[in-house]
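One structure is given here, and the rest of the page talks about it.
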Amino acid sequence: MDVAQLGLKPGQWLVANCGKMPSEKNCRLVMMAPADQREDLLDAGVAHAVKSHGHQESPELREGVAKTLEEVTV
Ligand SMILES: [Zn+2]
């Protein structure tokens, strides 16, 4: 299957790309959300950081994840 077949709605999307973070686990998780669902993506990113990377849930962690979000046009 081609990525175009995912049927993503054309427009602005936010990407959380764990592969760009320094990690001891070589994690390559990528999560995407439409720009208007930023909070959902942040929730997912924080949950992943806590569960898979042993971070402590905090407003600082959420802010840190928020800073890593990149915008892409689909
Ligand atoms: Zn990860």
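As shown in the structure tokens, the chain order sets the letters A, B, ...; within each chain, residues go from 1, and ligands are also counted from 1 in the order they appear.
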
Quick one: which chain A residues come within 6 Å of ligand 1, and what is the nearest atom pair for each with the distance in Å to one decimal, counting only C-alpha atoms and all ligand atoms, rows ordered by chain and ascending number, as a Markdown table?
```
| residue | atom | partner | partner_atom_place_in_ligand_line | distance |
| --- | --- | --- | --- | --- |
| A:Cys18 | CA | ligand 1 | 1 (Zn) | 4.7 |
| A:Cys27 | CA | ligand 1 | 1 (Zn) | 4.6 |
| A:Leu29 | CA | ligand 1 | 1 (Zn) | 5.4 |
```

Would you mind exporting N, CA, C and O atoms of the selected residues as a compact mmCIF listing (two decimals), in the first residue's frame?
```
# COMPACT_ATOMS: atom_id res chain seq x y z
N CYS A 18 8.99 10.26 16.88
CA CYS A 18 9.87 9.85 17.97
C CYS A 18 11.27 9.51 17.44
O CYS A 18 12.25 9.59 18.16
N CYS A 27 13.57 4.04 18.90
CA CYS A 27 12.14 4.11 18.62
C CYS A 27 11.90 4.89 17.33
O CYS A 27 12.49 5.93 17.11
N LEU A 29 8.57 5.48 16.22
CA LEU A 29 7.13 5.75 16.18
C LEU A 29 6.83 7.12 15.57
O LEU A 29 7.46 8.11 15.92
```

- Note on the structure: Restricting to only C-alpha atoms, whichever of A:Lys20, A:Lys9, A:Arg62, A:Lys25 is closest to Val50 (chain A) is A:Arg62

- Message: List as a list in words the protein and nucleic acid residues near Val15 (chain A), meaning an atom at most 8 Å away when only C-alpha atoms are counted, but skip any in the same chain fewer than 4 places from it.
- Response: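 These residues fall inside the cut-off: Val30, Met31, Met32, Ala33, Leu69, Glu70, Glu71 and Val72 of chain A.
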
May I have all residues of chain A that DSSP, computed from the backbone, assigns to strand (DSSP E or B), given as an mmCIF file with all heavy atoms, in the first residue's frame?
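Generated output (out-v5.cif):
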```
data_model
loop_
_atom_site.group_PDB
_atom_site.id
_atom_site.type_symbol
_atom_site.label_atom_id
_atom_site.label_comp_id
_atom_site.auth_asym_id
_atom_site.auth_seq_id
_atom_site.Cartn_x
_atom_site.Cartn_y
_atom_site.Cartn_z
ATOM 1 N N GLN A 12 -3.403 20.804 6.631
ATOM 2 C CA GLN A 12 -2.271 20.870 7.550
ATOM 3 C C GLN A 12 -2.373 19.761 8.588
ATOM 4 O O GLN A 12 -3.410 19.572 9.222
ATOM 5 C CB GLN A 12 -2.239 22.225 8.266
ATOM 6 C CG GLN A 12 -1.952 23.386 7.341
ATOM 7 C CD GLN A 12 -0.632 23.209 6.602
ATOM 8 O OE1 GLN A 12 -0.626 22.996 5.391
ATOM 9 N NE2 GLN A 12 0.469 23.263 7.315
ATOM 10 N N TRP A 13 -1.278 19.051 8.788
ATOM 11 C CA TRP A 13 -1.203 18.003 9.795
ATOM 12 C C TRP A 13 -0.022 18.256 10.707
ATOM 13 O O TRP A 13 0.949 18.899 10.318
ATOM 14 C CB TRP A 13 -1.032 16.628 9.123
ATOM 15 C CG TRP A 13 -2.282 16.144 8.445
ATOM 16 C CD1 TRP A 13 -2.851 16.659 7.305
ATOM 17 C CD2 TRP A 13 -3.125 15.063 8.867
ATOM 18 N NE1 TRP A 13 -4.001 15.954 6.993
ATOM 19 C CE2 TRP A 13 -4.183 14.968 7.932
ATOM 20 C CE3 TRP A 13 -3.087 14.169 9.931
ATOM 21 C CZ2 TRP A 13 -5.200 14.012 8.044
ATOM 22 C CZ3 TRP A 13 -4.090 13.214 10.046
ATOM 23 C CH2 TRP A 13 -5.134 13.144 9.117
ATOM 24 N N LEU A 14 -0.134 17.709 11.904
ATOM 25 C CA LEU A 14 0.982 17.777 12.841
ATOM 26 C C LEU A 14 1.566 16.382 12.983
ATOM 27 O O LEU A 14 0.840 15.388 13.007
ATOM 28 C CB LEU A 14 0.500 18.288 14.198
ATOM 29 C CG LEU A 14 0.008 19.747 14.191
ATOM 30 C CD1 LEU A 14 -0.738 20.041 15.482
ATOM 31 C CD2 LEU A 14 1.172 20.708 13.992
ATOM 32 N N VAL A 15 2.872 16.329 13.089
ATOM 33 C CA VAL A 15 3.576 15.058 13.178
ATOM 34 C C VAL A 15 4.404 15.020 14.448
ATOM 35 O O VAL A 15 5.153 15.955 14.741
ATOM 36 C CB VAL A 15 4.511 14.862 11.961
ATOM 37 C CG1 VAL A 15 5.219 13.526 12.053
ATOM 38 C CG2 VAL A 15 3.737 14.981 10.661
ATOM 39 N N ALA A 16 4.252 13.944 15.189
ATOM 40 C CA ALA A 16 5.138 13.652 16.324
ATOM 41 C C ALA A 16 6.007 12.483 15.879
ATOM 42 O O ALA A 16 5.508 11.384 15.660
ATOM 43 C CB ALA A 16 4.321 13.281 17.563
ATOM 44 N N ASN A 17 7.292 12.758 15.717
ATOM 45 C CA ASN A 17 8.207 11.757 15.179
ATOM 46 C C ASN A 17 9.239 11.388 16.233
ATOM 47 O O ASN A 17 10.227 12.086 16.433
ATOM 48 C CB ASN A 17 8.882 12.326 13.920
ATOM 49 C CG ASN A 17 9.774 11.317 13.241
ATOM 50 O OD1 ASN A 17 10.016 10.244 13.758
ATOM 51 N ND2 ASN A 17 10.266 11.684 12.081
ATOM 52 N N VAL A 30 5.861 7.155 14.684
ATOM 53 C CA VAL A 30 5.399 8.408 14.096
ATOM 54 C C VAL A 30 3.890 8.495 14.301
ATOM 55 O O VAL A 30 3.166 7.540 14.015
ATOM 56 C CB VAL A 30 5.709 8.476 12.583
ATOM 57 C CG1 VAL A 30 5.109 9.726 11.963
ATOM 58 C CG2 VAL A 30 7.222 8.444 12.352
ATOM 59 N N MET A 31 3.439 9.625 14.829
ATOM 60 C CA MET A 31 1.999 9.836 15.011
ATOM 61 C C MET A 31 1.610 11.134 14.308
ATOM 62 O O MET A 31 2.366 12.099 14.332
ATOM 63 C CB MET A 31 1.651 9.934 16.502
ATOM 64 C CG MET A 31 1.844 8.628 17.230
ATOM 65 S SD MET A 31 1.404 8.733 18.993
ATOM 66 C CE MET A 31 2.906 9.445 19.639
ATOM 67 N N MET A 32 0.440 11.136 13.716
ATOM 68 C CA MET A 32 -0.023 12.326 13.000
ATOM 69 C C MET A 32 -1.445 12.672 13.399
ATOM 70 O O MET A 32 -2.229 11.789 13.708
ATOM 71 C CB MET A 32 -0.017 12.076 11.478
ATOM 72 C CG MET A 32 1.359 12.050 10.868
ATOM 73 S SD MET A 32 1.267 11.696 9.101
ATOM 74 C CE MET A 32 0.519 13.214 8.491
ATOM 75 N N ALA A 33 -1.746 13.964 13.366
ATOM 76 C CA ALA A 33 -3.108 14.428 13.617
ATOM 77 C C ALA A 33 -3.366 15.667 12.782
ATOM 78 O O ALA A 33 -2.439 16.429 12.510
ATOM 79 C CB ALA A 33 -3.296 14.753 15.098
ATOM 80 N N PRO A 34 -4.619 15.869 12.377
ATOM 81 C CA PRO A 34 -4.936 17.136 11.710
ATOM 82 C C PRO A 34 -4.592 18.291 12.654
ATOM 83 O O PRO A 34 -4.636 18.116 13.882
ATOM 84 C CB PRO A 34 -6.447 17.062 11.485
ATOM 85 C CG PRO A 34 -6.814 15.620 11.655
ATOM 86 C CD PRO A 34 -5.796 15.027 12.579
ATOM 87 N N GLU A 70 5.865 18.847 14.374
ATOM 88 C CA GLU A 70 6.190 19.497 13.120
ATOM 89 C C GLU A 70 4.936 19.550 12.252
ATOM 90 O O GLU A 70 4.111 18.632 12.284
ATOM 91 C CB GLU A 70 7.281 18.719 12.396
ATOM 92 C CG GLU A 70 8.588 18.704 13.170
ATOM 93 C CD GLU A 70 9.657 17.895 12.454
ATOM 94 O OE1 GLU A 70 9.528 16.671 12.373
ATOM 95 O OE2 GLU A 70 10.613 18.504 11.991
ATOM 96 N N GLU A 71 4.824 20.618 11.473
ATOM 97 C CA GLU A 71 3.656 20.792 10.624
ATOM 98 C C GLU A 71 3.977 20.334 9.202
ATOM 99 O O GLU A 71 5.040 20.675 8.674
ATOM 100 C CB GLU A 71 3.220 22.253 10.646
ATOM 101 C CG GLU A 71 1.767 22.428 10.273
ATOM 102 C CD GLU A 71 1.223 23.790 10.711
ATOM 103 O OE1 GLU A 71 1.233 24.075 11.932
ATOM 104 O OE2 GLU A 71 0.797 24.539 9.835
ATOM 105 N N VAL A 72 3.096 19.548 8.644
ATOM 106 C CA VAL A 72 3.277 19.131 7.255
ATOM 107 C C VAL A 72 1.972 19.358 6.492
ATOM 108 O O VAL A 72 0.885 19.318 7.058
ATOM 109 C CB VAL A 72 3.652 17.631 7.123
ATOM 110 C CG1 VAL A 72 5.043 17.372 7.654
ATOM 111 C CG2 VAL A 72 2.632 16.728 7.775
ATOM 112 N N THR A 73 2.109 19.585 5.211
ATOM 113 C CA THR A 73 0.947 19.733 4.342
ATOM 114 C C THR A 73 0.723 18.421 3.605
ATOM 115 O O THR A 73 1.643 17.883 3.002
ATOM 116 C CB THR A 73 1.184 20.872 3.322
ATOM 117 O OG1 THR A 73 1.502 22.054 4.043
ATOM 118 C CG2 THR A 73 -0.067 21.111 2.489
#
```

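Of note, CA of Val3 (chain A) and CA of Lys51 (chain A) are spaced 27.2 Å apart.
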
- Name the residues of region 14-50 of chain A that fall into helix (DSSP H, G or I) according to DSSP on the backbone, using the chain letters and numbers of this document, as a PyMOL selection string. chain A and resi 18-20+35-50

Kindly export the residues of the current selection with C-alpha atoms, as a compact mmCIF listing (two decimals), in the first residue's frame.
```
# COMPACT_ATOMS: atom_id res chain seq x y z
CA CYS A 18 9.87 9.85 17.97
CA GLY A 19 12.65 8.82 15.58
CA LYS A 20 13.99 12.37 15.74
CA ALA A 35 -3.80 20.58 12.90
CA ASP A 36 -7.15 21.07 14.68
CA GLN A 37 -6.57 17.95 16.79
CA ARG A 38 -3.30 19.13 18.29
CA GLU A 39 -4.44 18.28 21.83
CA ASP A 40 -5.23 14.68 20.85
CA LEU A 41 -1.78 14.28 19.37
CA LEU A 42 -0.21 15.80 22.47
CA ASP A 43 -2.16 13.36 24.68
CA ALA A 44 -0.90 10.46 22.58
CA GLY A 45 2.66 11.77 22.52
CA VAL A 46 2.76 12.25 26.29
CA ALA A 47 1.24 8.80 26.87
CA HIS A 48 3.90 7.28 24.63
CA ALA A 49 6.75 9.16 26.33
CA VAL A 50 5.51 7.96 29.72
```
